[in-house]
>>> print(open('structure.txt').read())   # compact mmCIF, C-alpha atoms (C1' of nucleotides)
# COMPACT_ATOMS: atom_id res chain seq x y z
CA MET W 408 -112.45 -139.40 284.94
CA GLY W 409 -115.87 -137.83 285.14
CA LYS W 410 -118.73 -138.99 282.98
CA ARG W 411 -118.51 -138.19 279.32
CA LYS W 412 -121.24 -137.00 277.01
CA GLU W 413 -122.28 -139.92 274.92
CA ASN W 414 -122.89 -138.01 271.72
CA SER W 415 -120.42 -135.19 271.62
CA THR W 416 -118.37 -134.90 268.47
CA ASN W 417 -115.38 -135.43 270.68
CA MET W 418 -116.68 -138.77 271.90
CA GLN W 419 -117.78 -139.85 268.46
CA ASN W 420 -114.39 -139.09 266.99
CA GLU W 421 -112.68 -141.02 269.73
CA LYS W 422 -114.91 -144.01 269.16
CA VAL W 423 -114.30 -144.03 265.45
CA ILE W 424 -110.56 -143.63 265.76
CA ILE W 425 -110.16 -146.20 268.51
CA GLY W 426 -112.53 -148.54 266.77
CA GLY W 427 -110.44 -148.53 263.64
CA CYS W 428 -106.88 -148.34 264.88
CA ASP W 429 -105.36 -150.87 267.25
CA LEU W 430 -102.42 -148.61 267.79
CA THR W 431 -104.42 -145.61 268.92
CA TYR W 432 -106.52 -147.99 270.97
CA ALA W 433 -103.43 -149.26 272.74
CA VAL W 434 -101.99 -145.84 273.38
CA CYS W 435 -105.27 -144.55 274.75
CA MET W 436 -105.26 -147.14 277.51
CA ILE W 437 -102.03 -145.86 278.89
CA GLY W 438 -102.60 -142.23 278.10
CA GLY W 439 -103.67 -140.87 281.48
CA ARG W 440 -101.30 -138.51 283.22
CA TRP W 441 -100.19 -140.96 285.89
CA LYS W 442 -100.94 -144.32 284.35
CA LEU W 443 -97.53 -145.31 283.11
CA LEU W 444 -95.93 -144.27 286.35
CA ILE W 445 -98.32 -146.49 288.21
CA LEU W 446 -97.78 -149.41 285.90
CA CYS W 447 -94.01 -149.04 286.12
CA LYS W 448 -94.11 -149.14 289.90
CA LEU W 449 -95.98 -152.39 289.67
CA GLU W 450 -93.53 -154.05 287.31
CA ASN W 451 -91.81 -155.78 290.17
CA GLY W 452 -94.88 -157.01 291.96
CA LYS W 453 -97.87 -156.01 294.04
CA LEU W 454 -98.11 -152.75 295.87
CA ARG W 455 -100.81 -151.38 298.06
CA PHE W 456 -102.54 -148.07 297.61
CA SER W 457 -100.45 -146.21 300.14
CA GLU W 458 -97.23 -147.62 298.75
CA LEU W 459 -98.13 -146.34 295.33
CA ARG W 460 -99.07 -142.97 296.75
CA ASN W 461 -95.75 -142.69 298.52
CA ARG W 462 -93.70 -143.74 295.53
CA ILE W 463 -95.32 -141.39 293.09
CA ASN W 464 -94.28 -137.86 293.76
CA GLY W 465 -97.06 -135.30 293.47
CA ILE W 466 -100.02 -137.58 292.91
CA THR W 467 -103.12 -136.94 294.98
CA GLU W 468 -105.23 -139.71 296.41
CA ARG W 469 -108.04 -138.75 294.11
CA MET W 470 -105.90 -139.00 291.01
CA LEU W 471 -104.39 -142.24 292.14
CA THR W 472 -107.85 -143.68 292.71
CA LEU W 473 -109.12 -142.49 289.33
CA GLN W 474 -106.23 -143.86 287.37
CA LEU W 475 -106.26 -147.15 289.24
CA ARG W 476 -109.96 -147.54 288.53
CA GLU W 477 -109.46 -146.98 284.85
CA LEU W 478 -106.54 -149.34 284.63
CA GLU W 479 -108.60 -151.94 286.41
CA LYS W 480 -111.54 -151.43 284.08
CA GLU W 481 -109.18 -151.76 281.13
CA GLY W 482 -107.96 -155.07 282.44
CA LEU W 483 -104.42 -153.86 283.02
CA LEU W 484 -104.38 -154.42 286.71
CA LYS W 485 -105.96 -156.55 289.35
CA ARG W 486 -107.25 -155.16 292.59
CA THR W 487 -107.36 -157.26 295.72
CA VAL W 488 -109.17 -156.17 298.84
CA TYR W 489 -108.33 -157.83 302.14
CA PRO W 490 -111.10 -157.84 304.72
CA GLU W 491 -109.14 -156.09 307.40
CA VAL W 492 -109.32 -152.94 309.40
CA PRO W 493 -107.78 -150.57 308.61
CA PRO W 494 -108.42 -151.51 304.99
CA ARG W 495 -105.76 -153.10 302.85
CA VAL W 496 -105.92 -153.20 299.09
CA ASP W 497 -103.26 -154.13 296.66
CA TYR W 498 -102.73 -153.85 292.96
CA GLU W 499 -100.79 -155.94 290.50
CA LEU W 500 -100.31 -156.17 286.76
CA THR W 501 -102.48 -158.59 284.82
CA GLU W 502 -100.97 -160.99 282.33
CA ILE W 503 -101.86 -158.85 279.36
CA ALA W 504 -100.30 -155.85 281.08
CA LYS W 505 -97.10 -157.80 281.65
CA GLU W 506 -96.91 -158.38 277.93
CA LEU W 507 -96.52 -154.68 277.53
CA VAL W 508 -93.34 -154.54 279.54
CA PRO W 509 -90.91 -155.38 276.74
CA ILE W 510 -92.63 -152.89 274.48
CA TRP W 511 -92.38 -150.21 277.14
CA SER W 512 -88.72 -150.77 277.45
CA GLN W 513 -88.22 -150.20 273.75
CA LEU W 514 -90.40 -147.12 273.85
CA SER W 515 -88.50 -145.89 276.83
CA ASP W 516 -85.20 -146.36 275.03
CA TRP W 517 -86.59 -144.49 272.09
CA GLY W 518 -87.72 -141.73 274.44
CA GLY W 519 -84.23 -141.45 275.88
CA LYS W 520 -82.72 -141.27 272.44
CA HIS W 521 -85.20 -138.70 271.25
CA ARG W 522 -84.62 -136.67 274.37
CA LYS W 523 -80.92 -136.46 273.67
CA LEU W 524 -81.56 -135.59 270.07
CA MET W 525 -83.84 -132.76 271.10
CA ASN W 526 -81.57 -131.80 273.94
CA THR W 527 -84.35 -132.05 276.48
CA PRO W 528 -82.92 -132.59 279.94
CA TYR W 529 -83.64 -135.72 281.87
CA VAL W 530 -84.15 -134.93 285.52
CA GLY W 531 -83.81 -138.26 287.23
CA MET V 553 -103.05 -126.69 271.37
CA GLY V 554 -103.62 -123.35 273.00
CA LYS V 555 -101.12 -121.74 275.32
CA ARG V 556 -100.66 -123.35 278.69
CA LYS V 557 -100.27 -121.70 282.05
CA GLU V 558 -96.66 -121.91 282.94
CA ASN V 559 -97.12 -122.49 286.64
CA SER V 560 -100.28 -124.48 287.05
CA THR V 561 -100.03 -127.60 289.16
CA ASN V 562 -101.05 -129.45 286.06
CA MET V 563 -98.10 -128.11 284.10
CA GLN V 564 -95.68 -128.65 286.94
CA ASN V 565 -96.76 -132.24 287.36
CA GLU V 566 -96.38 -132.88 283.69
CA LYS V 567 -92.89 -131.42 283.69
CA VAL V 568 -91.79 -133.50 286.63
CA ILE V 569 -93.24 -136.72 285.27
CA ILE V 570 -91.94 -136.25 281.76
CA GLY V 571 -88.61 -135.06 283.08
CA GLY V 572 -88.12 -138.23 285.04
CA CYS V 573 -89.66 -140.93 282.88
CA ASP V 574 -88.55 -141.63 279.32
CA LEU V 575 -91.55 -143.82 278.82
CA THR V 576 -94.11 -141.20 279.75
CA TYR V 577 -92.09 -138.73 277.73
CA ALA V 578 -92.34 -140.95 274.68
CA VAL V 579 -96.02 -141.62 275.06
CA CYS V 580 -96.80 -137.95 275.52
CA MET V 581 -95.37 -137.10 272.11
CA ILE V 582 -97.84 -139.34 270.37
CA GLY V 583 -100.72 -138.74 272.74
CA GLY V 584 -102.80 -136.24 270.78
CA ARG V 585 -106.13 -137.41 269.47
CA TRP V 586 -105.09 -137.56 265.81
CA LYS V 587 -101.34 -137.89 266.02
CA LEU V 588 -100.93 -141.60 265.52
CA LEU V 589 -103.37 -141.60 262.67
CA ILE V 590 -101.34 -138.90 260.96
CA LEU V 591 -98.07 -140.68 261.56
CA CYS V 592 -99.47 -143.94 260.24
CA LYS V 593 -100.62 -142.32 257.04
CA LEU V 594 -97.10 -141.07 256.52
CA GLU V 595 -95.45 -144.44 257.01
CA ASN V 596 -95.29 -145.01 253.29
CA GLY V 597 -93.97 -141.62 252.31
CA LYS V 598 -94.79 -137.97 251.98
CA LEU V 599 -98.28 -136.62 251.81
CA ARG V 600 -99.53 -133.13 251.43
CA PHE V 601 -101.93 -131.37 253.75
CA SER V 602 -105.01 -132.01 251.68
CA GLU V 603 -104.13 -135.64 251.20
CA LEU V 604 -103.90 -136.11 254.94
CA ARG V 605 -107.17 -134.29 255.42
CA ASN V 606 -108.89 -136.52 252.91
CA ARG V 607 -107.50 -139.73 254.34
CA ILE V 608 -108.37 -139.01 257.90
CA ASN V 609 -112.06 -139.31 258.44
CA GLY V 610 -113.54 -136.63 260.67
CA ILE V 611 -110.53 -134.44 261.21
CA THR V 612 -110.97 -130.72 260.73
CA GLU V 613 -108.38 -128.52 259.12
CA ARG V 614 -107.76 -126.82 262.41
CA MET V 615 -107.07 -130.08 264.22
CA LEU V 616 -104.90 -131.33 261.42
CA THR V 617 -102.88 -128.13 261.53
CA LEU V 618 -102.50 -128.24 265.29
CA GLN V 619 -101.37 -131.82 265.43
CA LEU V 620 -99.01 -131.39 262.50
CA ARG V 621 -97.44 -128.38 264.18
CA GLU V 622 -96.86 -130.28 267.37
CA LEU V 623 -95.42 -133.28 265.61
CA GLU V 624 -93.11 -130.98 263.73
CA LYS V 625 -92.02 -129.21 266.89
CA GLU V 626 -91.36 -132.59 268.46
CA GLY V 627 -89.12 -133.53 265.59
CA LEU V 628 -91.34 -136.34 264.40
CA LEU V 629 -92.07 -134.93 261.03
CA LYS V 630 -90.61 -132.66 258.46
CA ARG V 631 -92.59 -129.99 256.70
CA THR V 632 -91.70 -128.83 253.23
CA VAL V 633 -93.25 -125.77 251.66
CA TYR V 634 -93.09 -125.32 247.93
CA PRO V 635 -93.17 -121.73 246.69
CA GLU V 636 -96.20 -122.17 244.50
CA VAL V 637 -99.64 -120.78 244.20
CA PRO V 638 -101.93 -122.22 245.30
CA PRO V 639 -99.69 -123.34 248.17
CA ARG V 640 -98.27 -126.82 248.37
CA VAL V 641 -96.88 -128.29 251.55
CA ASP V 642 -95.95 -131.80 252.33
CA TYR V 643 -95.11 -133.78 255.39
CA GLU V 644 -92.91 -136.78 255.97
CA LEU V 645 -91.58 -138.78 258.90
CA THR V 646 -88.18 -137.90 260.29
CA GLU V 647 -85.56 -140.56 260.92
CA ILE V 648 -86.30 -140.72 264.62
CA ALA V 649 -89.98 -141.09 263.86
CA LYS V 650 -89.25 -143.97 261.53
CA GLU V 651 -87.52 -145.74 264.36
CA LEU V 652 -90.86 -145.85 266.10
CA VAL V 653 -92.49 -147.88 263.39
CA PRO V 654 -91.43 -151.35 264.61
CA ILE V 655 -92.47 -150.41 268.12
CA TRP V 656 -95.85 -149.25 266.87
CA SER V 657 -96.42 -152.51 265.15
CA GLN V 658 -95.82 -154.40 268.38
CA LEU V 659 -98.06 -152.04 270.28
CA SER V 660 -100.67 -152.41 267.62
CA ASP V 661 -100.52 -156.18 267.87
CA TRP V 662 -100.87 -155.91 271.59
CA GLY V 663 -103.86 -153.65 271.09
CA GLY V 664 -105.50 -156.18 268.83
CA LYS V 665 -104.92 -158.93 271.32
CA HIS V 666 -106.20 -156.87 274.19
CA ARG V 667 -109.23 -155.91 272.19
CA LYS V 668 -110.16 -159.53 271.65
CA LEU V 669 -109.57 -160.31 275.29
CA MET V 670 -111.89 -157.51 276.31
CA ASN V 671 -114.30 -158.31 273.55
CA THR V 672 -114.20 -154.78 272.20
CA PRO V 673 -115.23 -154.73 268.57
CA TYR V 674 -112.86 -153.61 265.88
CA VAL V 675 -114.65 -151.58 263.29
CA GLY V 676 -112.27 -151.54 260.37
C1' DT S 383 -114.74 -142.06 324.70
C1' DA S 384 -111.26 -140.00 321.66
C1' DT S 385 -107.74 -141.04 318.21
C1' DG S 386 -105.43 -142.98 314.36
C1' DG S 387 -104.58 -145.35 310.13
C1' DT S 388 -106.30 -146.90 305.32
C1' DA S 389 -108.46 -146.43 301.08
C1' DC S 390 -111.25 -144.28 299.24
C1' DG S 391 -115.83 -140.78 297.65
C1' DA S 392 -118.13 -136.22 296.67
C1' DA S 393 -118.52 -131.48 295.34
C1' DC S 394 -116.43 -128.14 293.21
C1' DA S 395 -112.90 -125.38 290.48
C1' DA S 396 -109.16 -124.74 287.24
C1' DA S 397 -106.67 -126.08 283.24
C1' DT S 398 -106.33 -128.15 278.92
C1' DT S 399 -107.91 -130.25 274.73
C1' DT S 400 -111.05 -130.53 271.09
C1' DG S 401 -114.50 -128.75 267.91
C1' DT S 402 -117.24 -124.83 265.12
C1' DA S 403 -117.54 -121.39 262.04
C1' DA S 404 -115.81 -118.26 260.01
C1' DG S 405 -111.89 -115.65 257.27
C1' DT S 406 -107.05 -114.88 254.77
C1' DA S 407 -103.23 -114.50 251.01
C1' DA S 408 -101.63 -115.22 246.59
C1' DT S 409 -102.30 -116.05 241.75
C1' DG S 410 -103.97 -118.06 237.40
C1' DG S 411 -108.05 -118.39 234.49
C1' DG S 412 -112.39 -116.58 232.63
C1' DC L 7 -112.87 -107.73 238.19
C1' DC L 8 -114.59 -112.27 240.02
C1' DC L 9 -113.79 -116.87 241.27
C1' DA L 10 -111.45 -121.11 242.57
C1' DT L 11 -107.75 -123.43 244.97
C1' DT L 12 -104.65 -124.59 249.06
C1' DA L 13 -102.99 -124.42 253.47
C1' DC L 14 -103.68 -122.43 256.78
C1' DT L 15 -105.43 -118.62 261.04
C1' DT L 16 -108.54 -116.54 264.36
C1' DA L 17 -112.13 -116.08 267.78
C1' DC L 18 -115.03 -118.55 270.23
C1' DA L 19 -117.48 -122.49 272.56
C1' DA L 20 -117.95 -127.16 274.34
C1' DA L 21 -116.01 -131.17 276.34
C1' DT L 22 -112.79 -133.47 279.05
C1' DT L 23 -109.07 -134.00 282.26
C1' DT L 24 -106.77 -132.70 286.30
C1' DG L 25 -106.46 -130.65 290.90
C1' DT L 26 -108.34 -128.89 295.76
C1' DT L 27 -110.62 -129.62 299.80
C1' DC L 28 -113.23 -131.74 302.37
C1' DG L 29 -115.54 -136.07 304.50
C1' DT L 30 -116.50 -141.32 305.40
C1' DA L 31 -116.30 -146.25 307.52
C1' DC L 32 -114.11 -149.39 310.07
C1' DC L 33 -112.15 -151.18 314.40
C1' DA L 34 -107.98 -151.55 317.44
C1' DT L 35 -105.69 -149.10 320.80
C1' DA L 36 -104.88 -145.53 324.31
>>> encode(input="structure.txt", output="structure tokens")
Amino acid sequence: MGKRKENSTNMQNEKVIIGGCDLTYAVCMIGGRWKLLILCKLENGKLRFSELRNRINGITERMLTLQLRELEKEGLLKRTVYPEVPPRVDYELTEIAKELVPIWSQLSDWGGKHRKLMNTPYVG
Amino acid sequence: MGKRKENSTNMQNEKVIIGGCDLTYAVCMIGGRWKLLILCKLENGKLRFSELRNRINGITERMLTLQLRELEKEGLLKRTVYPEVPPRVDYELTEIAKELVPIWSQLSDWGGKHRKLMNTPYVG
DNA sequence: TATGGTACGAACAAATTTGTAAGTAATGGG
DNA sequence: CCCATTACTTACAAATTTGTTCGTACCATA
């Protein structure tokens, strides 16, 4: 993301809400457009930047970079840079991120159920 | 929210992601700034508009209305209007929304744990 | 010397979400 | 007639997120 204004009402509200609700706090961490997709790709192990880019349809390098940076800052993934040329960097889930996996799967099931209920097509 | 441009890249990306990932789909439904707060307040039963407004610190009537409308459209809550004057309207969780509750509680626990790990203060 | 691959960064623009400040309808009570 | 109450709506503005288009460093290889 870009920088945020420290004292906007928007920012203040976010702080207050996140500060007082673990649930909203948790959902905010994974709320970016591409974050869950990235995390899911990493469920089975490390991937490098270009592998992520290639597996995620439609993401731009900028977006991938931004979301990776945030996830790293939030402690959800670990970035490893290898001193090689051309550069090689890979990403993997942290322990705390791995603890989310079973919860995701429940949420995902719920999503599938809700989708059927609402008759929203799944385009796998 | 306001109307969205039907064919922006933004919109297209969202469609594709949501269409192909039940998890992202699920998280999107509860992703609005105030949505989880609203849903949480309704965990123990119906509340009317003004009760929600009074229980949620900092929300404006406009935001409350917007988020309620979306949640209703998404099938997460049921709106009941009583033909009285002054108007009376109340909101309650739908069955499918109630099924989220146990998942929330896990997510919330995770959030609390993560918060400690990151040393982010909880301001209850 | 020119080229190519990798993982970004910067400047800018468009889209979307959130917030501000009003105003509305209907009706009972004074 | 005037006012209060409730659950909104509308027009507008500010903030934030997302997307587009470039450009960079590094060194091995041709």
>>> interface_residues(input="structure.txt", of="chain V", to="chain L", cutoff="12 Å", atoms="only C-alpha atoms (C1' of nucleotides)", output="JSON, numbers by chain")
{"V": [560, 561, 562, 563, 564, 565, 566, 600, 601, 602, 603, 604, 605, 612, 613, 614, 615, 616, 617, 618, 620, 621, 633, 634, 636, 637, 638, 639, 640, 641, 642]}
>>> interface_residues(input="structure.txt", of="chain W", to="chain V", cutoff="8 Å", atoms="all atoms listed in the file", output="PyMOL selection string")
chain W and resi 420-421+423+426-435+438+440+443-444+465+481-482+503+506-507+510-519+521+525+528-531
>>> write_last_selection(input="structure.txt", atoms="C-alpha atoms", output="short mmCIF file (atom, residue, chain, number, x, y, z; two decimals), in the frame of the given file")
data_model
loop_
_atom_site.label_atom_id
_atom_site.label_comp_id
_atom_site.auth_asym_id
_atom_site.auth_seq_id
_atom_site.Cartn_x
_atom_site.Cartn_y
_atom_site.Cartn_z
CA ASN W 420 -114.39 -139.09 266.99
CA GLU W 421 -112.68 -141.02 269.73
CA VAL W 423 -114.30 -144.03 265.45
CA GLY W 426 -112.53 -148.54 266.77
CA GLY W 427 -110.44 -148.53 263.64
CA CYS W 428 -106.88 -148.34 264.88
CA ASP W 429 -105.36 -150.87 267.25
CA LEU W 430 -102.42 -148.61 267.79
CA THR W 431 -104.42 -145.61 268.92
CA TYR W 432 -106.52 -147.99 270.97
CA ALA W 433 -103.43 -149.26 272.74
CA VAL W 434 -101.99 -145.84 273.38
CA CYS W 435 -105.27 -144.55 274.75
CA GLY W 438 -102.60 -142.23 278.10
CA ARG W 440 -101.30 -138.51 283.22
CA LEU W 443 -97.53 -145.31 283.11
CA LEU W 444 -95.93 -144.27 286.35
CA GLY W 465 -97.06 -135.30 293.47
CA GLU W 481 -109.18 -151.76 281.13
CA GLY W 482 -107.96 -155.07 282.44
CA ILE W 503 -101.86 -158.85 279.36
CA GLU W 506 -96.91 -158.38 277.93
CA LEU W 507 -96.52 -154.68 277.53
CA ILE W 510 -92.63 -152.89 274.48
CA TRP W 511 -92.38 -150.21 277.14
CA SER W 512 -88.72 -150.77 277.45
CA GLN W 513 -88.22 -150.20 273.75
CA LEU W 514 -90.40 -147.12 273.85
CA SER W 515 -88.50 -145.89 276.83
CA ASP W 516 -85.20 -146.36 275.03
CA TRP W 517 -86.59 -144.49 272.09
CA GLY W 518 -87.72 -141.73 274.44
CA GLY W 519 -84.23 -141.45 275.88
CA HIS W 521 -85.20 -138.70 271.25
CA MET W 525 -83.84 -132.76 271.10
CA PRO W 528 -82.92 -132.59 279.94
CA TYR W 529 -83.64 -135.72 281.87
CA VAL W 530 -84.15 -134.93 285.52
CA GLY W 531 -83.81 -138.26 287.23
#
>>> interface_residues(input="structure.txt", of="chain S", to="chain V", cutoff="7 Å", atoms="all atoms listed in the file", output="PDB file with C-alpha atoms (C1' of nucleotides), keeping the file's coordinate frame")
ATOM      1  C1'  DT S 399    -107.910-130.250 274.730  1.00  0.00           C
ATOM      2  C1'  DA S 408    -101.630-115.220 246.590  1.00  0.00           C
ATOM      3  C1'  DT S 409    -102.300-116.050 241.750  1.00  0.00           C
TER       4       DT S 409
END
>>> atom_distance(input="structure.txt", atom1="CA of Glu595 in chain V", atom2="CA of Glu647 in chain V")
11.3 Å
>>> atom_distance(input="structure.txt", atom1="CA of Leu594 in chain V", atom2="CA of Glu644 in chain V")
6.0 Å
>>> atom_distance(input="structure.txt", atom1="C1' of DA389 in chain S", atom2="CA of Asn451 in chain W")
22.0 Å
>>> axis_aligned_box(input="structure.txt", around="range 430-447 of chain W", padding_each_side="3 Å", output="JSON")
{"center_x": -100.3, "center_y": -144.0, "center_z": 278.0, "size_x": 18.5, "size_y": 16.9, "size_z": 26.4}
>>> decode(input="structure.txt", residues="range 553-571 of chain V", atoms="N, CA and C atoms", output="CSV table (one decimal), in the first residue's frame")
chain,number,residue,atom,x,y,z
V,553,MET,N,-21.8,0.5,-0.4
V,553,MET,CA,-20.8,1.1,-1.2
V,553,MET,C,-21.4,1.8,-2.4
V,554,GLY,N,-20.6,2.6,-3.1
V,554,GLY,CA,-21.2,3.2,-4.3
V,554,GLY,C,-21.2,2.2,-5.5
V,555,LYS,N,-21.7,2.6,-6.6
V,555,LYS,CA,-21.7,1.7,-7.8
V,555,LYS,C,-20.2,1.5,-8.2
V,556,ARG,N,-20.0,0.3,-8.8
V,556,ARG,CA,-18.7,0.0,-9.3
V,556,ARG,C,-18.7,-0.1,-10.8
V,557,LYS,N,-17.6,0.2,-11.4
V,557,LYS,CA,-17.5,0.1,-12.8
V,557,LYS,C,-17.4,-1.3,-13.2
V,558,GLU,N,-18.3,-1.7,-14.1
V,558,GLU,CA,-18.5,-3.1,-14.4
V,558,GLU,C,-17.2,-3.7,-15.1
V,559,ASN,N,-16.5,-2.9,-15.8
V,559,ASN,CA,-15.4,-3.5,-16.6
V,559,ASN,C,-14.0,-3.0,-16.2
V,560,SER,N,-13.8,-2.5,-15.1
V,560,SER,CA,-12.5,-2.1,-14.6
V,560,SER,C,-11.7,-3.3,-14.4
V,561,THR,N,-10.4,-3.2,-14.6
V,561,THR,CA,-9.5,-4.3,-14.3
V,561,THR,C,-9.7,-4.7,-12.8
V,562,ASN,N,-9.9,-3.8,-12.0
V,562,ASN,CA,-10.1,-4.0,-10.6
V,562,ASN,C,-11.3,-5.0,-10.4
V,563,MET,N,-12.4,-4.6,-11.0
V,563,MET,CA,-13.6,-5.5,-10.9
V,563,MET,C,-13.4,-6.8,-11.5
V,564,GLN,N,-12.8,-6.9,-12.7
V,564,GLN,CA,-12.5,-8.1,-13.3
V,564,GLN,C,-11.7,-9.1,-12.5
V,565,ASN,N,-10.6,-8.5,-11.9
V,565,ASN,CA,-9.8,-9.3,-11.0
V,565,ASN,C,-10.5,-9.8,-9.9
V,566,GLU,N,-11.3,-9.0,-9.3
V,566,GLU,CA,-12.1,-9.5,-8.1
V,566,GLU,C,-13.0,-10.6,-8.5
V,567,LYS,N,-13.7,-10.5,-9.7
V,567,LYS,CA,-14.6,-11.5,-10.1
V,567,LYS,C,-13.8,-12.8,-10.3
V,568,VAL,N,-12.7,-12.8,-11.0
V,568,VAL,CA,-12.0,-14.0,-11.2
V,568,VAL,C,-11.5,-14.6,-9.9
V,569,ILE,N,-10.9,-13.8,-9.1
V,569,ILE,CA,-10.4,-14.4,-7.8
V,569,ILE,C,-11.6,-15.0,-7.0
V,570,ILE,N,-12.6,-14.2,-6.8
V,570,ILE,CA,-13.7,-14.7,-6.0
V,570,ILE,C,-14.4,-15.9,-6.7
V,571,GLY,N,-14.4,-15.9,-8.0
V,571,GLY,CA,-15.1,-17.0,-8.7
V,571,GLY,C,-14.3,-18.3,-8.6
